[in-house]
file entry09.cif (mmCIF, N, CA and C atoms and all ligand atoms)
data_run
loop_
_atom_site.label_atom_id
_atom_site.label_comp_id
_atom_site.auth_asym_id
_atom_site.auth_seq_id
_atom_site.Cartn_x
_atom_site.Cartn_y
_atom_site.Cartn_z
N MET A 1 278.23 198.93 49.18
CA MET A 1 279.36 198.68 50.08
C MET A 1 280.19 197.51 49.57
N SER A 2 281.49 197.72 49.46
CA SER A 2 282.37 196.65 49.03
C SER A 2 282.65 195.69 50.17
N GLU A 3 282.95 194.47 49.86
CA GLU A 3 283.30 193.50 50.90
C GLU A 3 284.36 192.55 50.37
N ARG A 4 284.88 191.73 51.27
CA ARG A 4 285.94 190.79 50.92
C ARG A 4 285.55 189.36 51.31
N THR A 5 286.08 188.40 50.55
CA THR A 5 285.90 187.00 50.89
C THR A 5 287.21 186.26 50.72
N LEU A 6 287.33 185.11 51.40
CA LEU A 6 288.47 184.22 51.16
C LEU A 6 288.07 183.18 50.13
N VAL A 7 288.87 183.09 49.09
CA VAL A 7 288.67 182.08 48.05
C VAL A 7 289.85 181.11 48.11
N LEU A 8 289.56 179.83 48.10
CA LEU A 8 290.63 178.83 47.93
C LEU A 8 290.38 178.06 46.65
N VAL A 9 291.47 177.81 45.91
CA VAL A 9 291.46 176.73 44.93
C VAL A 9 292.15 175.58 45.64
N LYS A 10 291.37 174.56 45.95
CA LYS A 10 291.85 173.47 46.80
C LYS A 10 292.91 172.65 46.08
N PRO A 11 293.61 171.76 46.81
CA PRO A 11 294.70 171.02 46.19
C PRO A 11 294.30 170.24 44.94
N ASP A 12 293.07 169.76 44.86
CA ASP A 12 292.65 169.07 43.63
C ASP A 12 292.65 170.03 42.45
N GLY A 13 292.20 171.26 42.69
CA GLY A 13 292.15 172.26 41.62
C GLY A 13 293.53 172.71 41.19
N VAL A 14 294.44 172.86 42.16
CA VAL A 14 295.82 173.22 41.80
C VAL A 14 296.46 172.08 41.01
N ALA A 15 296.28 170.84 41.48
CA ALA A 15 296.88 169.68 40.79
C ALA A 15 296.34 169.56 39.36
N ARG A 16 295.09 169.96 39.14
CA ARG A 16 294.48 169.86 37.81
C ARG A 16 294.73 171.10 36.95
N GLY A 17 295.45 172.07 37.50
CA GLY A 17 295.77 173.25 36.71
C GLY A 17 294.61 174.19 36.52
N LEU A 18 293.73 174.28 37.54
CA LEU A 18 292.50 175.07 37.41
C LEU A 18 292.53 176.41 38.13
N VAL A 19 293.70 176.82 38.63
CA VAL A 19 293.75 178.08 39.38
C VAL A 19 293.29 179.25 38.51
N GLY A 20 293.85 179.36 37.32
CA GLY A 20 293.48 180.45 36.42
C GLY A 20 292.01 180.41 36.05
N GLU A 21 291.52 179.21 35.74
CA GLU A 21 290.10 179.02 35.39
C GLU A 21 289.18 179.54 36.50
N VAL A 22 289.52 179.20 37.74
CA VAL A 22 288.65 179.59 38.86
C VAL A 22 288.76 181.10 39.11
N LEU A 23 289.99 181.60 39.22
CA LEU A 23 290.14 183.02 39.55
C LEU A 23 289.69 183.91 38.41
N SER A 24 289.82 183.43 37.17
CA SER A 24 289.40 184.27 36.04
C SER A 24 287.88 184.48 36.06
N ARG A 25 287.14 183.53 36.59
CA ARG A 25 285.69 183.74 36.67
C ARG A 25 285.37 184.94 37.57
N LEU A 26 286.12 185.04 38.68
CA LEU A 26 285.92 186.19 39.57
C LEU A 26 286.35 187.48 38.90
N GLU A 27 287.50 187.46 38.24
CA GLU A 27 287.98 188.69 37.60
C GLU A 27 287.06 189.13 36.46
N ARG A 28 286.60 188.17 35.67
CA ARG A 28 285.70 188.53 34.55
C ARG A 28 284.40 189.11 35.08
N ARG A 29 283.98 188.60 36.22
CA ARG A 29 282.73 189.10 36.82
C ARG A 29 282.86 190.55 37.25
N GLY A 30 284.10 190.96 37.56
CA GLY A 30 284.33 192.34 38.00
C GLY A 30 284.91 192.43 39.39
N TYR A 31 285.23 191.28 39.99
CA TYR A 31 285.83 191.30 41.33
C TYR A 31 287.34 191.42 41.20
N ARG A 32 287.96 191.88 42.29
CA ARG A 32 289.36 192.25 42.26
C ARG A 32 290.16 191.43 43.27
N LEU A 33 291.31 190.93 42.82
CA LEU A 33 292.21 190.19 43.71
C LEU A 33 292.98 191.17 44.58
N ILE A 34 292.92 190.95 45.89
CA ILE A 34 293.63 191.80 46.85
C ILE A 34 294.91 191.12 47.32
N ALA A 35 294.85 189.79 47.41
CA ALA A 35 296.01 188.99 47.82
C ALA A 35 295.86 187.61 47.21
N CYS A 36 296.99 186.97 46.91
CA CYS A 36 296.91 185.64 46.31
C CYS A 36 298.27 184.96 46.45
N ASP A 37 298.26 183.72 46.92
CA ASP A 37 299.49 182.93 46.85
C ASP A 37 299.18 181.44 46.86
N VAL A 38 300.22 180.68 46.52
CA VAL A 38 300.12 179.22 46.53
C VAL A 38 300.94 178.72 47.70
N ARG A 39 300.32 177.87 48.51
CA ARG A 39 300.99 177.40 49.73
C ARG A 39 300.45 176.03 50.11
N THR A 40 301.25 175.29 50.88
CA THR A 40 300.76 174.05 51.45
C THR A 40 300.39 174.32 52.90
N LEU A 41 299.15 174.07 53.26
CA LEU A 41 298.66 174.44 54.59
C LEU A 41 299.24 173.54 55.67
N PRO A 42 299.72 174.12 56.77
CA PRO A 42 300.06 173.32 57.94
C PRO A 42 298.77 172.74 58.54
N GLU A 43 298.91 171.61 59.23
CA GLU A 43 297.72 170.94 59.77
C GLU A 43 296.94 171.83 60.75
N ASP A 44 297.65 172.61 61.56
CA ASP A 44 296.92 173.43 62.55
C ASP A 44 296.08 174.51 61.87
N THR A 45 296.58 175.06 60.78
CA THR A 45 295.80 176.06 60.04
C THR A 45 294.57 175.41 59.41
N ALA A 46 294.75 174.21 58.87
CA ALA A 46 293.62 173.50 58.27
C ALA A 46 292.55 173.20 59.31
N ARG A 47 292.98 172.74 60.48
CA ARG A 47 292.02 172.41 61.54
C ARG A 47 291.29 173.68 62.01
N ALA A 48 292.00 174.79 62.08
CA ALA A 48 291.37 176.05 62.49
C ALA A 48 290.40 176.54 61.41
N HIS A 49 290.82 176.45 60.16
CA HIS A 49 289.97 176.92 59.06
C HIS A 49 288.63 176.17 59.05
N TYR A 50 288.69 174.84 59.26
CA TYR A 50 287.48 174.02 59.20
C TYR A 50 286.96 173.65 60.59
N ALA A 51 287.24 174.49 61.60
CA ALA A 51 286.87 174.18 62.99
C ALA A 51 285.38 173.87 63.14
N GLU A 52 284.53 174.53 62.34
CA GLU A 52 283.08 174.29 62.48
C GLU A 52 282.71 172.84 62.16
N HIS A 53 283.62 172.13 61.45
CA HIS A 53 283.33 170.74 61.04
C HIS A 53 284.07 169.71 61.89
N GLN A 54 284.65 170.15 63.01
CA GLN A 54 285.57 169.25 63.73
C GLN A 54 284.90 167.99 64.28
N ASP A 55 283.58 168.03 64.47
CA ASP A 55 282.90 166.84 64.99
C ASP A 55 282.27 165.99 63.88
N LYS A 56 282.46 166.38 62.63
CA LYS A 56 281.86 165.63 61.52
C LYS A 56 282.71 164.40 61.19
N PRO A 57 282.07 163.36 60.69
CA PRO A 57 282.82 162.13 60.36
C PRO A 57 283.88 162.33 59.27
N PHE A 58 283.68 163.35 58.42
CA PHE A 58 284.63 163.57 57.31
C PHE A 58 285.78 164.51 57.69
N PHE A 59 285.84 164.97 58.95
CA PHE A 59 286.80 166.02 59.31
C PHE A 59 288.26 165.61 59.09
N ASN A 60 288.66 164.46 59.60
CA ASN A 60 290.07 164.07 59.47
C ASN A 60 290.48 163.89 58.01
N ASP A 61 289.59 163.30 57.21
CA ASP A 61 289.85 163.15 55.77
C ASP A 61 289.97 164.51 55.09
N LEU A 62 289.11 165.43 55.52
CA LEU A 62 289.12 166.78 54.93
C LEU A 62 290.45 167.48 55.24
N VAL A 63 290.91 167.36 56.48
CA VAL A 63 292.19 167.98 56.85
C VAL A 63 293.33 167.34 56.06
N ALA A 64 293.29 166.02 55.92
CA ALA A 64 294.35 165.34 55.14
C ALA A 64 294.34 165.80 53.69
N PHE A 65 293.14 165.95 53.13
CA PHE A 65 293.02 166.40 51.73
C PHE A 65 293.53 167.83 51.57
N ILE A 66 293.11 168.72 52.44
CA ILE A 66 293.40 170.15 52.24
C ILE A 66 294.87 170.46 52.53
N THR A 67 295.54 169.59 53.31
CA THR A 67 296.97 169.76 53.59
C THR A 67 297.83 168.89 52.67
N GLY A 68 297.19 168.12 51.79
CA GLY A 68 297.90 167.10 51.02
C GLY A 68 298.66 167.59 49.81
N GLY A 69 298.58 168.87 49.53
CA GLY A 69 299.29 169.45 48.39
C GLY A 69 299.06 170.93 48.39
N PRO A 70 299.75 171.65 47.53
CA PRO A 70 299.57 173.10 47.50
C PRO A 70 298.16 173.51 47.11
N LEU A 71 297.69 174.58 47.75
CA LEU A 71 296.43 175.20 47.36
C LEU A 71 296.71 176.67 47.01
N ALA A 72 295.77 177.29 46.34
CA ALA A 72 295.87 178.72 46.08
C ALA A 72 294.88 179.42 46.99
N ALA A 73 295.37 180.42 47.72
CA ALA A 73 294.53 181.20 48.63
C ALA A 73 294.47 182.62 48.11
N ALA A 74 293.26 183.19 48.12
CA ALA A 74 293.11 184.55 47.61
C ALA A 74 292.09 185.31 48.43
N VAL A 75 292.31 186.60 48.54
CA VAL A 75 291.30 187.51 49.07
C VAL A 75 290.76 188.29 47.88
N VAL A 76 289.44 188.27 47.76
CA VAL A 76 288.78 188.88 46.61
C VAL A 76 287.78 189.91 47.13
N GLU A 77 287.74 191.04 46.44
CA GLU A 77 286.95 192.17 46.93
C GLU A 77 285.95 192.65 45.87
N GLY A 78 284.80 193.07 46.35
CA GLY A 78 283.84 193.72 45.47
C GLY A 78 282.45 193.65 46.07
N PRO A 79 281.51 194.34 45.47
CA PRO A 79 280.16 194.39 46.03
C PRO A 79 279.51 193.01 46.08
N GLY A 80 279.07 192.62 47.26
CA GLY A 80 278.34 191.36 47.40
C GLY A 80 279.14 190.12 47.11
N VAL A 81 280.48 190.20 47.20
CA VAL A 81 281.31 189.08 46.72
C VAL A 81 281.10 187.80 47.53
N ILE A 82 280.73 187.92 48.80
CA ILE A 82 280.58 186.69 49.61
C ILE A 82 279.44 185.83 49.04
N ALA A 83 278.28 186.43 48.91
CA ALA A 83 277.13 185.68 48.39
C ALA A 83 277.31 185.34 46.92
N ALA A 84 277.88 186.26 46.15
CA ALA A 84 278.06 186.02 44.71
C ALA A 84 278.98 184.82 44.49
N TRP A 85 280.07 184.73 45.27
CA TRP A 85 280.99 183.61 45.07
C TRP A 85 280.37 182.31 45.52
N ARG A 86 279.56 182.33 46.58
CA ARG A 86 278.85 181.09 46.97
C ARG A 86 277.98 180.61 45.80
N THR A 87 277.29 181.53 45.14
CA THR A 87 276.45 181.16 43.99
C THR A 87 277.31 180.65 42.84
N MET A 88 278.42 181.35 42.58
CA MET A 88 279.29 180.97 41.47
C MET A 88 280.00 179.63 41.72
N MET A 89 280.24 179.26 43.00
CA MET A 89 280.86 177.97 43.32
C MET A 89 279.91 176.81 43.06
N GLY A 90 278.62 176.99 43.38
CA GLY A 90 277.66 175.91 43.28
C GLY A 90 277.61 175.08 44.56
N ALA A 91 276.71 174.10 44.57
CA ALA A 91 276.46 173.28 45.76
C ALA A 91 277.71 172.52 46.18
N THR A 92 277.80 172.27 47.50
CA THR A 92 278.96 171.55 48.07
C THR A 92 279.18 170.21 47.37
N ASN A 93 278.10 169.44 47.19
CA ASN A 93 278.19 168.20 46.41
C ASN A 93 278.01 168.54 44.94
N PRO A 94 279.08 168.43 44.16
CA PRO A 94 279.02 168.89 42.76
C PRO A 94 277.93 168.22 41.93
N VAL A 95 277.51 167.04 42.36
CA VAL A 95 276.43 166.36 41.63
C VAL A 95 275.16 167.21 41.66
N ASN A 96 275.03 168.00 42.71
CA ASN A 96 273.86 168.88 42.84
C ASN A 96 274.14 170.32 42.38
N ALA A 97 275.32 170.58 41.88
CA ALA A 97 275.70 171.96 41.52
C ALA A 97 275.23 172.26 40.09
N ALA A 98 274.68 173.45 39.92
CA ALA A 98 274.15 173.84 38.61
C ALA A 98 275.26 173.98 37.58
N PRO A 99 274.97 173.62 36.32
CA PRO A 99 275.90 173.93 35.24
C PRO A 99 276.17 175.44 35.23
N GLY A 100 277.39 175.79 34.90
CA GLY A 100 277.76 177.21 34.92
C GLY A 100 278.44 177.60 36.21
N THR A 101 278.29 176.78 37.26
CA THR A 101 279.04 177.02 38.49
C THR A 101 280.38 176.29 38.41
N VAL A 102 281.32 176.70 39.27
CA VAL A 102 282.63 176.06 39.27
C VAL A 102 282.48 174.56 39.51
N ARG A 103 281.75 174.22 40.57
CA ARG A 103 281.61 172.80 40.90
C ARG A 103 280.74 172.07 39.88
N GLY A 104 279.73 172.74 39.37
CA GLY A 104 278.86 172.13 38.37
C GLY A 104 279.56 171.90 37.05
N ASP A 105 280.59 172.67 36.78
CA ASP A 105 281.33 172.52 35.52
C ASP A 105 282.56 171.64 35.67
N LEU A 106 283.15 171.59 36.88
CA LEU A 106 284.53 171.09 37.00
C LEU A 106 284.72 169.96 38.00
N ALA A 107 283.68 169.53 38.72
CA ALA A 107 283.91 168.57 39.81
C ALA A 107 282.80 167.53 39.90
N VAL A 108 283.13 166.41 40.53
CA VAL A 108 282.13 165.37 40.82
C VAL A 108 282.20 164.88 42.27
N SER A 109 283.25 165.23 43.00
CA SER A 109 283.47 164.71 44.35
C SER A 109 283.11 165.74 45.41
N THR A 110 282.35 165.34 46.42
CA THR A 110 281.98 166.26 47.50
C THR A 110 283.22 166.76 48.23
N GLN A 111 284.19 165.89 48.46
CA GLN A 111 285.40 166.37 49.14
C GLN A 111 286.25 167.20 48.18
N GLN A 112 286.52 166.66 47.02
CA GLN A 112 287.44 167.31 46.08
C GLN A 112 286.62 168.16 45.11
N ASN A 113 286.10 169.26 45.68
CA ASN A 113 285.16 170.09 44.93
C ASN A 113 285.76 171.44 44.53
N VAL A 114 287.08 171.44 44.35
CA VAL A 114 287.85 172.49 43.66
C VAL A 114 288.01 173.79 44.43
N THR A 115 286.97 174.25 45.11
CA THR A 115 287.05 175.62 45.61
C THR A 115 286.35 175.80 46.96
N HIS A 116 286.73 176.88 47.62
CA HIS A 116 286.14 177.29 48.89
C HIS A 116 285.77 178.76 48.79
N GLY A 117 284.71 179.14 49.48
CA GLY A 117 284.38 180.54 49.66
C GLY A 117 283.75 180.74 51.03
N SER A 118 284.10 181.82 51.69
CA SER A 118 283.53 182.13 53.00
C SER A 118 282.01 182.20 52.89
N ASP A 119 281.33 181.79 53.98
CA ASP A 119 279.87 181.70 53.90
C ASP A 119 279.13 182.85 54.58
N SER A 120 279.85 183.80 55.17
CA SER A 120 279.21 184.94 55.85
C SER A 120 280.28 186.01 56.08
N PRO A 121 279.87 187.23 56.40
CA PRO A 121 280.86 188.27 56.72
C PRO A 121 281.75 187.87 57.89
N GLU A 122 281.17 187.20 58.89
CA GLU A 122 281.95 186.77 60.07
C GLU A 122 282.99 185.72 59.66
N SER A 123 282.57 184.74 58.85
CA SER A 123 283.52 183.72 58.38
C SER A 123 284.60 184.36 57.53
N ALA A 124 284.22 185.29 56.67
CA ALA A 124 285.21 185.94 55.80
C ALA A 124 286.26 186.65 56.63
N ALA A 125 285.85 187.39 57.64
CA ALA A 125 286.81 188.12 58.49
C ALA A 125 287.73 187.14 59.21
N ARG A 126 287.17 186.09 59.75
CA ARG A 126 287.96 185.08 60.48
C ARG A 126 288.95 184.38 59.54
N GLU A 127 288.47 183.98 58.37
CA GLU A 127 289.31 183.21 57.45
C GLU A 127 290.40 184.10 56.82
N ILE A 128 290.06 185.33 56.48
CA ILE A 128 291.07 186.23 55.91
C ILE A 128 292.17 186.49 56.93
N ALA A 129 291.79 186.67 58.20
CA ALA A 129 292.79 186.89 59.25
C ALA A 129 293.67 185.66 59.46
N LEU A 130 293.07 184.48 59.28
CA LEU A 130 293.83 183.23 59.44
C LEU A 130 294.84 183.05 58.30
N PHE A 131 294.42 183.32 57.09
CA PHE A 131 295.29 183.08 55.92
C PHE A 131 296.22 184.24 55.62
N PHE A 132 295.76 185.46 55.86
CA PHE A 132 296.54 186.65 55.50
C PHE A 132 296.57 187.62 56.68
N PRO A 133 297.25 187.23 57.78
CA PRO A 133 297.21 188.05 59.00
C PRO A 133 297.81 189.44 58.83
N ASP A 134 298.65 189.64 57.82
CA ASP A 134 299.30 190.94 57.65
C ASP A 134 298.59 191.84 56.65
N LEU A 135 297.47 191.36 56.10
CA LEU A 135 296.78 192.15 55.08
C LEU A 135 296.13 193.39 55.71
N PRO A 136 296.39 194.58 55.17
CA PRO A 136 295.76 195.79 55.74
C PRO A 136 294.24 195.77 55.52
P1 LIG A 201 281.21 174.43 51.47
O1 LIG A 201 282.65 174.21 51.03
O2 LIG A 201 280.27 174.38 50.31
O3 LIG A 201 281.02 175.63 52.34
P2 LIG A 201 280.95 172.82 53.90
O4 LIG A 201 279.70 172.15 54.33
O5 LIG A 201 281.39 174.02 54.68
O6 LIG A 201 280.81 173.14 52.34
O7 LIG A 201 282.10 171.73 53.94
C1 LIG A 201 283.44 172.11 53.84
C2 LIG A 201 284.15 171.15 52.91
O8 LIG A 201 284.18 169.86 53.54
C3 LIG A 201 283.45 170.90 51.57
O9 LIG A 201 283.73 171.89 50.60
C4 LIG A 201 284.02 169.56 51.18
O10 LIG A 201 285.36 169.67 50.68
C5 LIG A 201 284.07 168.86 52.54
N1 LIG A 201 282.84 168.09 52.82
C6 LIG A 201 281.63 168.59 53.18
N2 LIG A 201 280.73 167.61 53.35
C7 LIG A 201 281.38 166.45 53.12
C8 LIG A 201 280.98 165.07 53.13
O11 LIG A 201 279.83 164.70 53.42
N3 LIG A 201 281.95 164.15 52.80
C9 LIG A 201 283.24 164.52 52.50
N4 LIG A 201 283.64 165.79 52.47
C10 LIG A 201 282.74 166.75 52.78
MG MG A 202 281.69 176.00 54.25
#

call {"tool": "encode", "arguments": {"input": "entry09.cif", "output": "structure tokens", "more": "lines below"}}
Ligand code: IDP
Ligand code: MG
result
Amino acid sequence: MSERTLVLVKPDGVARGLVGEVLSRLERRGYRLIACDVRTLPEDTARAHYAEHQDKPFFNDLVAFITGGPLAAAVVEGPGVIAAWRTMMGATNPVNAAPGTVRGDLAVSTQQNVTHGSDSPESAAREIALFFPDLP
């Protein structure tokens, strides 16, 4: 069964010119881009996207970071893509991320960790609808 996930290249990744590097890993793996654009997130979208973290001490900083410059948002499709992309991203804190993962290869900061991927089918559906409401 094919599935979809929301992938973000966060503002740090866009500023560092890593959009192609990140998305090419998905394409080389065999996953397919369904939608993709570069945009600067409005604050309300950022707060909704990260609503599960609204009570965390890092929440306001996270919203400021994710709205602080353009990001690349993509919907990616293929078998098992949600779990596969979580594995390919690596641990949230890049210091703990395995070499060969996006974060393990390209990041050192827990906040500025280059990429996002939905963590479950429910999150993927919610996040895709938030970022790409018109996607069939
Ligand atoms: P994930 O991106 O690996 O799913 P989450 O725990 O969902 O990680 O956190 C969402 C994002 O919030 C992280 O990717 C990172 O940018 C930021 N973040 C998470 N934990 C911390 C923290 O302890 N300090 C600062 N930023 C954090
Ligand atoms: Mg998460």

call {"tool": "residues_near_ligand", "arguments": {"input": "entry09.cif", "ligand": "ligand MG 202 (chain A)", "cutoff": "6.5 Å", "atoms": "all atoms listed in the file", "output": "ChimeraX atom specification"}}
result
/A:117-119

call {"tool": "residues_near_point", "arguments": {"input": "entry09.cif", "point": "(278.5, 173.0, 37.8)", "cutoff": "12 Å", "atoms": "only C-alpha atoms", "output": "JSON, numbers by chain"}}
result
{"A": [87, 88, 89, 90, 91, 92, 93, 94, 95, 96, 97, 98, 99, 100, 101, 102, 103, 104, 105, 106, 107, 108, 109, 113, 114, 115]}

call {"tool": "select_by_dssp", "arguments": {"input": "entry09.cif", "residues": "chain A", "states": "alpha helix (DSSP H)", "output": "PyMOL selection string"}}
result
chain A and resi 11-15+19-29+43-49+59-66+81-89+102-106+121-131

call {"tool": "residues_near_ligand", "arguments": {"input": "entry09.cif", "ligand": "ligand LIG 201 (chain A)", "cutoff": "5 Å", "atoms": "all atoms listed in the file", "output": "JSON, numbers by chain"}}
result
{"A": [92, 110, 111, 112]}

call {"tool": "closest_residue", "arguments": {"input": "entry09.cif", "among": "A:Lys10, A:Arg32, A:His53, A:Arg126", "to": "A:Glu77", "atoms": "all atoms listed in the file"}}
result
A:Arg32

call {"tool": "select_by_dssp", "arguments": {"input": "entry09.cif", "residues": "stretch 17-133 of chain A", "states": "strand (DSSP E)", "output": "ChimeraX atom specification"}}
result
/A:32-39,71-79,115-117

call {"tool": "residues_around", "arguments": {"input": "entry09.cif", "residues": "A:Ile82", "least_positions_apart": "6", "cutoff": "12 Å", "atoms": "only C-alpha atoms", "output": "list of chain:residue names"}}
result
A:Ser2, A:Glu3, A:Arg4, A:Thr5, A:Leu6, A:Val7, A:Leu26, A:Tyr31, A:Val75, A:Val76, A:Met88, A:Met89, A:His116, A:Gly117, A:Ser118, A:Asp119, A:Ser120, A:Pro121, A:Glu122, A:Ser123, A:Ala124, A:Ala125

call {"tool": "atom_distance", "arguments": {"input": "entry09.cif", "atom1": "atom C of A:Glu43", "atom2": "atom C of A:Asp134"}}
result
20.5 Å

call {"tool": "axis_aligned_box", "arguments": {"input": "entry09.cif", "around": "stretch 86-96 of chain A", "padding_each_side": "8 Å", "output": "AutoDock Vina command-line options"}}
result
--center_x 277.4 --center_y 174.3 --center_z 44.8 --size_x 23.0 --size_y 32.0 --size_z 22.6

call {"tool": "closest_residue", "arguments": {"input": "entry09.cif", "among": "A:Leu135, A:Val14, A:Leu8, A:Ala129", "to": "A:Pro70", "atoms": "only N, CA and C atoms"}}
result
A:Val14

call {"tool": "atom_distance", "arguments": {"input": "entry09.cif", "atom1": "atom CA of A:Leu33", "atom2": "atom C of A:Ala74"}}
result
6.8 Å

call {"tool": "closest_residue", "arguments": {"input": "entry09.cif", "among": "A:Ala73, A:Leu62, A:Pro133, A:Gly17", "to": "A:Asp37", "atoms": "only N, CA and C atoms"}}
result
A:Ala73

call {"tool": "atom_distance", "arguments": {"input": "entry09.cif", "atom1": "atom N of A:His49", "atom2": "atom C of A:Arg29"}}
result
28.1 Å

call {"tool": "build_atoms", "arguments": {"input": "entry09.cif", "residues": "stretch 31-38 of chain A", "atoms": "all heavy atoms", "output": "compact mmCIF listing (two decimals), in the frame of the given file"}}
result
# COMPACT_ATOMS: atom_id res chain seq x y z
N TYR A 31 285.23 191.28 39.99
CA TYR A 31 285.83 191.30 41.33
C TYR A 31 287.34 191.42 41.20
O TYR A 31 287.93 191.11 40.17
CB TYR A 31 285.42 190.04 42.11
CG TYR A 31 283.95 190.05 42.45
CD1 TYR A 31 283.11 189.04 42.00
CD2 TYR A 31 283.41 191.10 43.17
CE1 TYR A 31 281.74 189.06 42.29
CE2 TYR A 31 282.05 191.13 43.47
CZ TYR A 31 281.23 190.11 43.02
OH TYR A 31 279.88 190.14 43.30
N ARG A 32 287.96 191.88 42.29
CA ARG A 32 289.36 192.25 42.26
C ARG A 32 290.16 191.43 43.27
O ARG A 32 289.73 191.24 44.41
CB ARG A 32 289.49 193.74 42.62
CG ARG A 32 290.76 194.40 42.15
CD ARG A 32 290.58 195.91 42.13
NE ARG A 32 290.50 196.48 43.46
CZ ARG A 32 291.56 196.93 44.13
NH1 ARG A 32 292.76 196.89 43.60
NH2 ARG A 32 291.40 197.44 45.33
N LEU A 33 291.31 190.93 42.82
CA LEU A 33 292.21 190.19 43.71
C LEU A 33 292.98 191.17 44.58
O LEU A 33 293.62 192.09 44.06
CB LEU A 33 293.22 189.39 42.89
CG LEU A 33 292.73 188.09 42.28
CD1 LEU A 33 293.81 187.51 41.37
CD2 LEU A 33 292.37 187.09 43.35
N ILE A 34 292.92 190.95 45.89
CA ILE A 34 293.63 191.80 46.85
C ILE A 34 294.91 191.12 47.32
O ILE A 34 295.91 191.76 47.62
CB ILE A 34 292.72 192.06 48.08
CG1 ILE A 34 291.46 192.78 47.66
CG2 ILE A 34 293.46 192.81 49.17
CD1 ILE A 34 291.70 194.13 47.04
N ALA A 35 294.85 189.79 47.41
CA ALA A 35 296.01 188.99 47.82
C ALA A 35 295.86 187.61 47.21
O ALA A 35 294.73 187.16 46.99
CB ALA A 35 296.08 188.87 49.34
N CYS A 36 296.99 186.97 46.91
CA CYS A 36 296.91 185.64 46.31
C CYS A 36 298.27 184.96 46.45
O CYS A 36 299.29 185.56 46.15
CB CYS A 36 296.54 185.74 44.84
SG CYS A 36 296.32 184.15 44.05
N ASP A 37 298.26 183.72 46.92
CA ASP A 37 299.49 182.93 46.85
C ASP A 37 299.18 181.44 46.86
O ASP A 37 298.05 181.03 47.09
CB ASP A 37 300.48 183.31 47.95
CG ASP A 37 300.02 182.95 49.35
OD1 ASP A 37 299.20 182.02 49.50
OD2 ASP A 37 300.48 183.61 50.29
N VAL A 38 300.22 180.68 46.52
CA VAL A 38 300.12 179.22 46.53
C VAL A 38 300.94 178.72 47.70
O VAL A 38 302.08 179.15 47.89
CB VAL A 38 300.65 178.63 45.20
CG1 VAL A 38 300.64 177.11 45.24
CG2 VAL A 38 299.80 179.14 44.04
